[in-house]
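For reference, work_22.pdb is printed below; it contains PDB, C-alpha atoms and all ligand atoms.
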ATOM      1  CA  MET A  11     -79.323-151.475 124.315  1.00  0.00           C
ATOM      2  CA  ALA A  12     -75.751-150.259 124.821  1.00  0.00           C
ATOM      3  CA  LYS A  13     -74.041-150.604 121.431  1.00  0.00           C
ATOM      4  CA  GLN A  14     -70.286-150.476 120.836  1.00  0.00           C
ATOM      5  CA  ILE A  15     -68.874-148.896 117.683  1.00  0.00           C
ATOM      6  CA  ARG A  16     -66.450-151.470 116.222  1.00  0.00           C
ATOM      7  CA  GLU A  17     -63.761-151.393 113.551  1.00  0.00           C
ATOM      8  CA  PRO A  18     -65.155-152.195 110.085  1.00  0.00           C
ATOM      9  CA  GLY A  19     -65.613-155.925 109.484  1.00  0.00           C
ATOM     10  CA  THR A  20     -68.109-158.087 107.638  1.00  0.00           C
ATOM     11  CA  TYR A  21     -70.015-159.305 110.725  1.00  0.00           C
ATOM     12  CA  LEU A  22     -72.403-161.128 108.416  1.00  0.00           C
ATOM     13  CA  TYR A  23     -72.800-164.280 110.467  1.00  0.00           C
ATOM     14  CA  PRO A  24     -73.882-167.056 110.302  1.00  0.00           C
ATOM     15  CA  LEU A  25     -72.486-168.146 106.964  1.00  0.00           C
ATOM     16  CA  PRO A  26     -73.017-171.244 104.836  1.00  0.00           C
ATOM     17  CA  VAL A  27     -70.309-173.885 104.668  1.00  0.00           C
ATOM     18  CA  VAL A  28     -69.689-175.331 101.225  1.00  0.00           C
ATOM     19  CA  LEU A  29     -67.133-177.666  99.734  1.00  0.00           C
ATOM     20  CA  ILE A  30     -65.795-176.417  96.434  1.00  0.00           C
ATOM     21  CA  SER A  31     -64.365-179.057  94.151  1.00  0.00           C
ATOM     22  CA  CYS A  32     -61.907-177.583  91.699  1.00  0.00           C
ATOM     23  CA  GLY A  33     -59.233-178.667  89.272  1.00  0.00           C
ATOM     24  CA  VAL A  34     -59.390-181.489  86.781  1.00  0.00           C
ATOM     25  CA  GLY A  35     -57.877-184.957  86.563  1.00  0.00           C
ATOM     26  CA  ASP A  36     -55.189-185.787  89.111  1.00  0.00           C
ATOM     27  CA  GLN A  37     -55.156-182.157  90.302  1.00  0.00           C
ATOM     28  CA  ALA A  38     -58.766-182.246  91.519  1.00  0.00           C
ATOM     29  CA  ASN A  39     -59.005-180.714  94.980  1.00  0.00           C
ATOM     30  CA  ILE A  40     -61.558-179.707  97.611  1.00  0.00           C
ATOM     31  CA  VAL A  41     -61.645-176.453  99.592  1.00  0.00           C
ATOM     32  CA  THR A  42     -64.033-175.358 102.326  1.00  0.00           C
ATOM     33  CA  LEU A  43     -65.461-171.869 101.868  1.00  0.00           C
ATOM     34  CA  SER A  44     -67.874-169.647 103.759  1.00  0.00           C
ATOM     35  CA  TRP A  45     -67.383-166.390 101.844  1.00  0.00           C
ATOM     36  CA  VAL A  46     -70.130-167.592  99.510  1.00  0.00           C
ATOM     37  CA  GLY A  47     -73.404-166.160  98.268  1.00  0.00           C
ATOM     38  CA  THR A  48     -76.195-166.181  95.732  1.00  0.00           C
ATOM     39  CA  LEU A  49     -75.740-163.163  93.446  1.00  0.00           C
ATOM     40  CA  CYS A  50     -78.285-163.485  90.638  1.00  0.00           C
ATOM     41  CA  SER A  51     -81.342-165.631  89.803  1.00  0.00           C
ATOM     42  CA  THR A  52     -81.435-165.379  86.005  1.00  0.00           C
ATOM     43  CA  PRO A  53     -78.905-166.440  84.957  1.00  0.00           C
ATOM     44  CA  PRO A  54     -78.216-168.181  88.254  1.00  0.00           C
ATOM     45  CA  MET A  55     -74.909-166.866  89.617  1.00  0.00           C
ATOM     46  CA  ILE A  56     -72.977-167.762  92.763  1.00  0.00           C
ATOM     47  CA  GLY A  57     -70.071-165.745  94.140  1.00  0.00           C
ATOM     48  CA  ILE A  58     -67.181-167.212  96.139  1.00  0.00           C
ATOM     49  CA  GLY A  59     -64.417-165.215  97.836  1.00  0.00           C
ATOM     50  CA  VAL A  60     -61.056-166.977  97.623  1.00  0.00           C
ATOM     51  CA  ARG A  61     -57.656-165.789  98.814  1.00  0.00           C
ATOM     52  CA  PRO A  62     -55.085-165.816  95.987  1.00  0.00           C
ATOM     53  CA  SER A  63     -52.737-167.773  98.285  1.00  0.00           C
ATOM     54  CA  ARG A  64     -55.061-170.827  98.247  1.00  0.00           C
ATOM     55  CA  TYR A  65     -54.037-173.683  95.980  1.00  0.00           C
ATOM     56  CA  SER A  66     -57.699-173.829  94.965  1.00  0.00           C
ATOM     57  CA  HIS A  67     -57.520-170.247  93.679  1.00  0.00           C
ATOM     58  CA  TYR A  68     -55.016-171.363  91.059  1.00  0.00           C
ATOM     59  CA  LEU A  69     -57.103-174.449  90.168  1.00  0.00           C
ATOM     60  CA  ILE A  70     -60.350-172.481  89.750  1.00  0.00           C
ATOM     61  CA  GLN A  71     -58.679-169.951  87.479  1.00  0.00           C
ATOM     62  CA  ALA A  72     -56.888-172.616  85.466  1.00  0.00           C
ATOM     63  CA  ALA A  73     -59.998-174.740  84.825  1.00  0.00           C
ATOM     64  CA  GLY A  74     -62.475-171.842  84.544  1.00  0.00           C
ATOM     65  CA  GLU A  75     -64.964-174.042  86.405  1.00  0.00           C
ATOM     66  CA  PHE A  76     -65.821-175.145  89.929  1.00  0.00           C
ATOM     67  CA  VAL A  77     -68.492-177.141  91.726  1.00  0.00           C
ATOM     68  CA  VAL A  78     -70.297-176.039  94.902  1.00  0.00           C
ATOM     69  CA  ASN A  79     -71.020-179.157  96.984  1.00  0.00           C
ATOM     70  CA  LEU A  80     -73.314-178.843 100.022  1.00  0.00           C
ATOM     71  CA  PRO A  81     -72.138-180.914 102.997  1.00  0.00           C
ATOM     72  CA  THR A  82     -74.457-182.297 105.674  1.00  0.00           C
ATOM     73  CA  ALA A  83     -73.861-181.802 109.406  1.00  0.00           C
ATOM     74  CA  GLU A  84     -72.506-185.359 109.464  1.00  0.00           C
ATOM     75  CA  GLN A  85     -69.784-184.173 107.059  1.00  0.00           C
ATOM     76  CA  ALA A  86     -68.659-181.277 109.297  1.00  0.00           C
ATOM     77  CA  HIS A  87     -65.450-183.118 110.235  1.00  0.00           C
ATOM     78  CA  ALA A  88     -64.545-183.524 106.564  1.00  0.00           C
ATOM     79  CA  ALA A  89     -65.439-179.894 105.854  1.00  0.00           C
ATOM     80  CA  ASP A  90     -63.190-178.753 108.695  1.00  0.00           C
ATOM     81  CA  THR A  91     -60.350-180.879 107.319  1.00  0.00           C
ATOM     82  CA  CYS A  92     -60.766-179.429 103.817  1.00  0.00           C
ATOM     83  CA  GLY A  93     -60.547-175.968 105.382  1.00  0.00           C
ATOM     84  CA  ARG A  94     -57.401-176.641 107.406  1.00  0.00           C
ATOM     85  CA  VAL A  95     -55.044-178.470 105.044  1.00  0.00           C
ATOM     86  CA  SER A  96     -53.905-177.687 101.518  1.00  0.00           C
ATOM     87  CA  GLY A  97     -54.366-179.806  98.440  1.00  0.00           C
ATOM     88  CA  LYS A  98     -50.724-179.008  97.717  1.00  0.00           C
ATOM     89  CA  ASP A  99     -49.820-181.360 100.602  1.00  0.00           C
ATOM     90  CA  VAL A 100     -52.791-183.687 101.098  1.00  0.00           C
ATOM     91  CA  ASP A 101     -55.168-185.690  98.917  1.00  0.00           C
ATOM     92  CA  LYS A 102     -58.351-184.410 100.566  1.00  0.00           C
ATOM     93  CA  TRP A 103     -60.531-186.902  98.664  1.00  0.00           C
ATOM     94  CA  ALA A 104     -58.733-189.784 100.315  1.00  0.00           C
ATOM     95  CA  ALA A 105     -58.382-188.013 103.681  1.00  0.00           C
ATOM     96  CA  CYS A 106     -62.148-187.433 103.879  1.00  0.00           C
ATOM     97  CA  GLY A 107     -63.334-190.638 102.203  1.00  0.00           C
ATOM     98  CA  PHE A 108     -64.898-188.675  99.357  1.00  0.00           C
ATOM     99  CA  THR A 109     -65.481-190.075  95.882  1.00  0.00           C
ATOM    100  CA  ARG A 110     -65.204-188.191  92.596  1.00  0.00           C
ATOM    101  CA  ALA A 111     -68.324-188.276  90.383  1.00  0.00           C
ATOM    102  CA  PRO A 112     -68.498-186.840  86.877  1.00  0.00           C
ATOM    103  CA  GLY A 113     -70.356-183.625  86.132  1.00  0.00           C
ATOM    104  CA  VAL A 114     -72.597-183.175  83.130  1.00  0.00           C
ATOM    105  CA  GLN A 115     -71.435-179.691  82.080  1.00  0.00           C
ATOM    106  CA  VAL A 116     -67.999-179.321  83.668  1.00  0.00           C
ATOM    107  CA  GLN A 117     -64.791-181.347  83.784  1.00  0.00           C
ATOM    108  CA  VAL A 118     -64.287-180.735  87.514  1.00  0.00           C
ATOM    109  CA  PRO A 119     -65.517-183.747  89.541  1.00  0.00           C
ATOM    110  CA  LEU A 120     -68.426-183.549  91.993  1.00  0.00           C
ATOM    111  CA  ILE A 121     -68.246-184.933  95.530  1.00  0.00           C
ATOM    112  CA  ALA A 122     -70.510-187.981  95.254  1.00  0.00           C
ATOM    113  CA  GLU A 123     -71.261-188.089  99.026  1.00  0.00           C
ATOM    114  CA  CYS A 124     -72.675-184.534  99.166  1.00  0.00           C
ATOM    115  CA  PRO A 125     -76.448-184.440  98.529  1.00  0.00           C
ATOM    116  CA  VAL A 126     -76.366-181.286  96.376  1.00  0.00           C
ATOM    117  CA  ASN A 127     -73.774-180.442  93.723  1.00  0.00           C
ATOM    118  CA  ILE A 128     -73.919-177.170  91.781  1.00  0.00           C
ATOM    119  CA  GLU A 129     -71.808-177.075  88.631  1.00  0.00           C
ATOM    120  CA  CYS A 130     -70.522-173.584  87.844  1.00  0.00           C
ATOM    121  CA  ARG A 131     -68.669-172.009  84.946  1.00  0.00           C
ATOM    122  CA  LEU A 132     -66.433-169.095  85.925  1.00  0.00           C
ATOM    123  CA  ARG A 133     -67.794-165.899  84.357  1.00  0.00           C
ATOM    124  CA  HIS A 134     -66.081-163.065  86.241  1.00  0.00           C
ATOM    125  CA  THR A 135     -63.110-162.566  88.524  1.00  0.00           C
ATOM    126  CA  VAL A 136     -63.125-159.439  90.659  1.00  0.00           C
ATOM    127  CA  PRO A 137     -60.028-158.651  92.755  1.00  0.00           C
ATOM    128  CA  LEU A 138     -61.261-157.129  96.014  1.00  0.00           C
ATOM    129  CA  GLY A 139     -58.219-157.087  98.295  1.00  0.00           C
ATOM    130  CA  SER A 140     -57.499-160.048 100.559  1.00  0.00           C
ATOM    131  CA  HIS A 141     -59.869-162.171  98.461  1.00  0.00           C
ATOM    132  CA  ASP A 142     -60.793-162.436  94.796  1.00  0.00           C
ATOM    133  CA  LEU A 143     -64.478-162.772  94.007  1.00  0.00           C
ATOM    134  CA  PHE A 144     -65.086-165.592  91.534  1.00  0.00           C
ATOM    135  CA  ILE A 145     -68.537-165.372  90.012  1.00  0.00           C
ATOM    136  CA  GLY A 146     -69.769-168.632  88.549  1.00  0.00           C
ATOM    137  CA  GLU A 147     -72.833-169.244  86.423  1.00  0.00           C
ATOM    138  CA  VAL A 148     -74.735-172.346  87.488  1.00  0.00           C
ATOM    139  CA  VAL A 149     -74.833-174.716  84.511  1.00  0.00           C
ATOM    140  CA  ALA A 150     -76.210-177.889  86.175  1.00  0.00           C
ATOM    141  CA  VAL A 151     -77.506-178.972  89.590  1.00  0.00           C
ATOM    142  CA  HIS A 152     -77.590-182.488  91.072  1.00  0.00           C
ATOM    143  CA  VAL A 153     -79.899-183.210  94.041  1.00  0.00           C
ATOM    144  CA  ASP A 154     -80.136-186.500  95.918  1.00  0.00           C
ATOM    145  CA  GLU A 155     -83.755-187.707  95.824  1.00  0.00           C
ATOM    146  CA  ALA A 156     -83.432-188.668  99.488  1.00  0.00           C
ATOM    147  CA  VAL A 157     -83.445-184.967 100.503  1.00  0.00           C
ATOM    148  CA  LEU A 158     -86.575-184.063  98.502  1.00  0.00           C
ATOM    149  CA  ASP A 159     -90.072-183.763  99.953  1.00  0.00           C
ATOM    150  CA  GLU A 160     -93.233-185.144  98.342  1.00  0.00           C
ATOM    151  CA  GLU A 161     -93.467-182.056  96.084  1.00  0.00           C
ATOM    152  CA  GLY A 162     -89.897-182.356  94.872  1.00  0.00           C
ATOM    153  CA  ARG A 163     -88.552-179.451  96.952  1.00  0.00           C
ATOM    154  CA  VAL A 164     -85.413-179.647  99.038  1.00  0.00           C
ATOM    155  CA  ASP A 165     -86.415-180.590 102.592  1.00  0.00           C
ATOM    156  CA  PHE A 166     -83.884-178.908 104.889  1.00  0.00           C
ATOM    157  CA  ALA A 167     -84.562-181.353 107.708  1.00  0.00           C
ATOM    158  CA  ARG A 168     -83.391-184.111 105.370  1.00  0.00           C
ATOM    159  CA  LEU A 169     -80.555-182.086 103.831  1.00  0.00           C
ATOM    160  CA  ALA A 170     -79.267-181.232 107.347  1.00  0.00           C
ATOM    161  CA  PRO A 171     -76.842-178.473 106.337  1.00  0.00           C
ATOM    162  CA  PHE A 172     -74.776-176.585 108.892  1.00  0.00           C
ATOM    163  CA  LEU A 173     -73.570-173.046 109.402  1.00  0.00           C
ATOM    164  CA  TYR A 174     -70.343-171.290 110.366  1.00  0.00           C
ATOM    165  CA  THR A 175     -70.488-168.576 113.036  1.00  0.00           C
ATOM    166  CA  GLY A 176     -66.863-167.476 112.785  1.00  0.00           C
ATOM    167  CA  ARG A 177     -66.019-169.576 115.840  1.00  0.00           C
ATOM    168  CA  ASP A 178     -67.929-172.822 115.473  1.00  0.00           C
ATOM    169  CA  TYR A 179     -70.281-174.867 113.349  1.00  0.00           C
ATOM    170  CA  ARG A 180     -73.991-175.080 114.099  1.00  0.00           C
ATOM    171  CA  ARG A 181     -76.933-177.015 112.782  1.00  0.00           C
ATOM    172  CA  LEU A 182     -80.044-175.233 111.534  1.00  0.00           C
ATOM    173  CA  GLY A 183     -82.529-174.540 114.317  1.00  0.00           C
ATOM    174  CA  GLU A 184     -86.294-174.855 114.432  1.00  0.00           C
ATOM    175  CA  ARG A 185     -88.519-173.619 111.646  1.00  0.00           C
ATOM    176  CA  LEU A 186     -89.747-170.119 112.535  1.00  0.00           C
ATOM    177  CA  ALA A 187     -92.525-169.469 110.002  1.00  0.00           C
ATOM    178  CA  PRO A 188     -93.305-169.922 106.304  1.00  0.00           C
ATOM    179  CA  VAL A 189     -92.294-167.146 103.886  1.00  0.00           C
ATOM    180  CA  GLY A 190     -95.107-164.583 103.562  1.00  0.00           C
ATOM    181  CA  PHE A 191     -96.596-165.323 106.969  1.00  0.00           C
ATOM    182  CA  SER A 192     -96.536-161.629 107.857  1.00  0.00           C
ATOM    183  CA  VAL A 193     -99.057-160.662 105.176  1.00  0.00           C
ATOM    184  CA  LYS A 194    -101.460-163.612 105.414  1.00  0.00           C
TER     185      LYS A 194
HETATM  186  C1  LIG B   1     -65.281-172.927 107.825  1.00  0.00           C
HETATM  187  C2  LIG B   1     -64.202-172.414 106.909  1.00  0.00           C
HETATM  188  C3  LIG B   1     -64.498-171.453 105.956  1.00  0.00           C
HETATM  189  C4  LIG B   1     -63.514-170.975 105.076  1.00  0.00           C
HETATM  190  N1  LIG B   1     -63.849-170.038 104.158  1.00  0.00           N
HETATM  191  C5  LIG B   1     -62.900-169.585 103.297  1.00  0.00           C
HETATM  192  C6  LIG B   1     -63.258-168.641 102.278  1.00  0.00           C
HETATM  193  O1  LIG B   1     -64.411-168.273 102.120  1.00  0.00           O
HETATM  194  N2  LIG B   1     -62.273-168.228 101.442  1.00  0.00           N
HETATM  195  C7  LIG B   1     -60.969-168.664 101.527  1.00  0.00           C
HETATM  196  O2  LIG B   1     -60.114-168.225 100.743  1.00  0.00           O
HETATM  197  N3  LIG B   1     -60.619-169.565 102.478  1.00  0.00           N
HETATM  198  C8  LIG B   1     -61.548-170.043 103.336  1.00  0.00           C
HETATM  199  N4  LIG B   1     -61.221-170.978 104.288  1.00  0.00           N
HETATM  200  C9  LIG B   1     -59.815-171.454 104.367  1.00  0.00           C
HETATM  201  C10 LIG B   1     -59.493-172.542 103.330  1.00  0.00           C
HETATM  202  O3  LIG B   1     -60.497-173.528 103.292  1.00  0.00           O
HETATM  203  C11 LIG B   1     -58.136-173.197 103.727  1.00  0.00           C
HETATM  204  O4  LIG B   1     -57.109-172.231 103.704  1.00  0.00           O
HETATM  205  C12 LIG B   1     -57.768-174.393 102.882  1.00  0.00           C
HETATM  206  O5  LIG B   1     -56.814-175.154 103.590  1.00  0.00           O
HETATM  207  C13 LIG B   1     -57.222-174.031 101.513  1.00  0.00           C
HETATM  208  O6  LIG B   1     -57.004-175.240 100.805  1.00  0.00           O
HETATM  209  P1  LIG B   1     -56.204-175.309  99.408  1.00  0.00           P
HETATM  210  O7  LIG B   1     -54.816-174.790  99.675  1.00  0.00           O
HETATM  211  O8  LIG B   1     -56.238-176.778  99.080  1.00  0.00           O
HETATM  212  O9  LIG B   1     -56.945-174.461  98.431  1.00  0.00           O
HETATM  213  C14 LIG B   1     -62.191-171.462 105.165  1.00  0.00           C
HETATM  214  C15 LIG B   1     -61.886-172.440 106.135  1.00  0.00           C
HETATM  215  C16 LIG B   1     -62.877-172.920 106.996  1.00  0.00           C
HETATM  216  C17 LIG B   1     -62.532-173.970 108.021  1.00  0.00           C
END
If you took the structure in this file and wrote it as structure tokens, what would it be?
Amino acid sequence: MAKQIREPGTYLYPLPVVLISCGVGDQANIVTLSWVGTLCSTPPMIGIGVRPSRYSHYLIQAAGEFVVNLPTAEQAHAADTCGRVSGKDVDKWAACGFTRAPGVQVQVPLIAECPVNIECRLRHTVPLGSHDLFIGEVVAVHVDEAVLDEEGRVDFARLAPFLYTGRDYRRLGERLAPVGFSVK
């Protein structure tokens, strides 16, 4: 191997692609994010990195809530749209053919067409530099029964999520091995 030493950067690819619904009432908006991660199991916490210049940044802070919606590969076009235009200029719900559905714990609407919706209450805001880290506690989760297997677990072949490589979007590949296979 001949390795180059590069300037510091995150290099943590591939990344998930999620659609964050944010804002309440007529202001409700959708933003595509990939600076997203699981931070804690109990209580369940998800972190999202959002530039203060995004319209959605203002909406998340104002409502103190957001919803993480998981798009399928078939929704990649909509996810790209929600990551290229601003809710200040465009009604992304109408542009993408998405429907608002009510949450059970938050006022922010869910995206009905996404198979998984994770309702979050904003617990911490950490300014980091180019992005602010919003840490949300998961307060309710909605899962479409059509993506569950016989044991009630999310079947990723049915969920069909996709990833962001920094340059393009990719589907999940083949299953490599079950967790724990190394010690069996
Ligand atoms: C695949 C993808 C991932 C993105 N990830 C982020 C992110 O993690 N944080 C962020 O601030 N912007 C991210 N963006 C950019 C925003 O989605 C984009 O600026 C959007 O138009 C902002 O919309 P708004 O003004 O309605 O909030 C991403 C865009 C794409 C296409």
Dump as a tab-separated table the rows for residues of chain A within 7 Å of ligand LIG 1 (chain B): closest atom pair and distance in Å with one decimal, all atoms listed in the file counted, ordered by chain and rising residue number.
residue	atom	partner	partner_atom	distance
A:Val27	CA	B:LIG1	C1	6.0
A:Asn39	CA	B:LIG1	O8	6.3
A:Ile40	CA	B:LIG1	O8	6.2
A:Val41	CA	B:LIG1	O3	4.9
A:Thr42	CA	B:LIG1	O3	4.1
A:Leu43	CA	B:LIG1	N1	3.3
A:Ser44	CA	B:LIG1	N1	4.1
A:Trp45	CA	B:LIG1	O1	3.5
A:Val46	CA	B:LIG1	O1	6.3
A:Ile58	CA	B:LIG1	O1	6.7
A:Gly59	CA	B:LIG1	N2	5.2
A:Val60	CA	B:LIG1	O2	3.5
A:Arg61	CA	B:LIG1	O2	4.0
A:Arg64	CA	B:LIG1	O9	4.1
A:Tyr65	CA	B:LIG1	O9	3.9
A:Ser66	CA	B:LIG1	O9	3.6
A:His67	CA	B:LIG1	O9	6.4
A:Ala89	CA	B:LIG1	C17	6.9
A:Asp90	CA	B:LIG1	C17	4.9
A:Cys92	CA	B:LIG1	O5	5.8
A:Gly93	CA	B:LIG1	O3	3.2
A:Arg94	CA	B:LIG1	O5	4.1
A:Val95	CA	B:LIG1	O5	4.0
A:Ser96	CA	B:LIG1	O8	3.5
A:Gly97	CA	B:LIG1	O8	3.6
A:Lys98	CA	B:LIG1	O8	6.1
A:His141	CA	B:LIG1	O2	6.5
A:Tyr174	CA	B:LIG1	C1	5.9
Would you kindly translate the PyMOL selection byres (((chain A and resi 26) around 12) and not hetatm) into the concrete residues it picks from this file, as JSON, numbers by chain?
{"A": [22, 23, 24, 25, 27, 28, 29, 42, 43, 44, 45, 46, 47, 48, 58, 78, 79, 80, 81, 82, 83, 86, 89, 171, 172, 173, 174, 175, 176, 178, 179, 180, 181, 182]}
Expand the PyMOL selection byres (((chain A and resi 125) around 12) and not hetatm) into the individual residues it matches in the shown file, reporting them as a count of residues only.
33
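Minimum atom-to-atom distance to A:Thr91, evaluated using all atoms listed in the file, belongs to A:Gly107 out of A:Gly107, A:Cys130, A:Val77, A:Ser192.
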Quick check on the file I pasted: which residues fall under the PyMOL selection byres (((chain A and resi 70) around 10) and not hetatm)? Write them as number ranges by chain.
A: 30-34, 39, 60, 65-69, 71-77, 118, 131-132, 144
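Put simply, atom CA of A:Ala88 is 8.7 Å away from atom CA of A:Lys102.
The gap separating atom CA of A:Leu186 from atom CA of A:Arg163 is 18.2 Å, in Å to one decimal.
Of note, atom CA of A:Gly57 and atom CA of A:Glu147 are spaced 8.9 Å apart.
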Taking all atoms of stretch 55-62 of chain A that the file lists, what box with edges along x, y and z, padded by 4 Å per side, do you get, with centre and edge lengths in Å to one decimal, as lines of an AutoDock Vina configuration file?
center_x = -65.0
center_y = -166.5
center_z = 94.2
size_x = 27.8
size_y = 10.5
size_z = 17.2
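Closest to A:Pro54 among A:Val189, A:Thr135, A:Val148, A:Gly19 is A:Val148, based on all atoms listed in the file.
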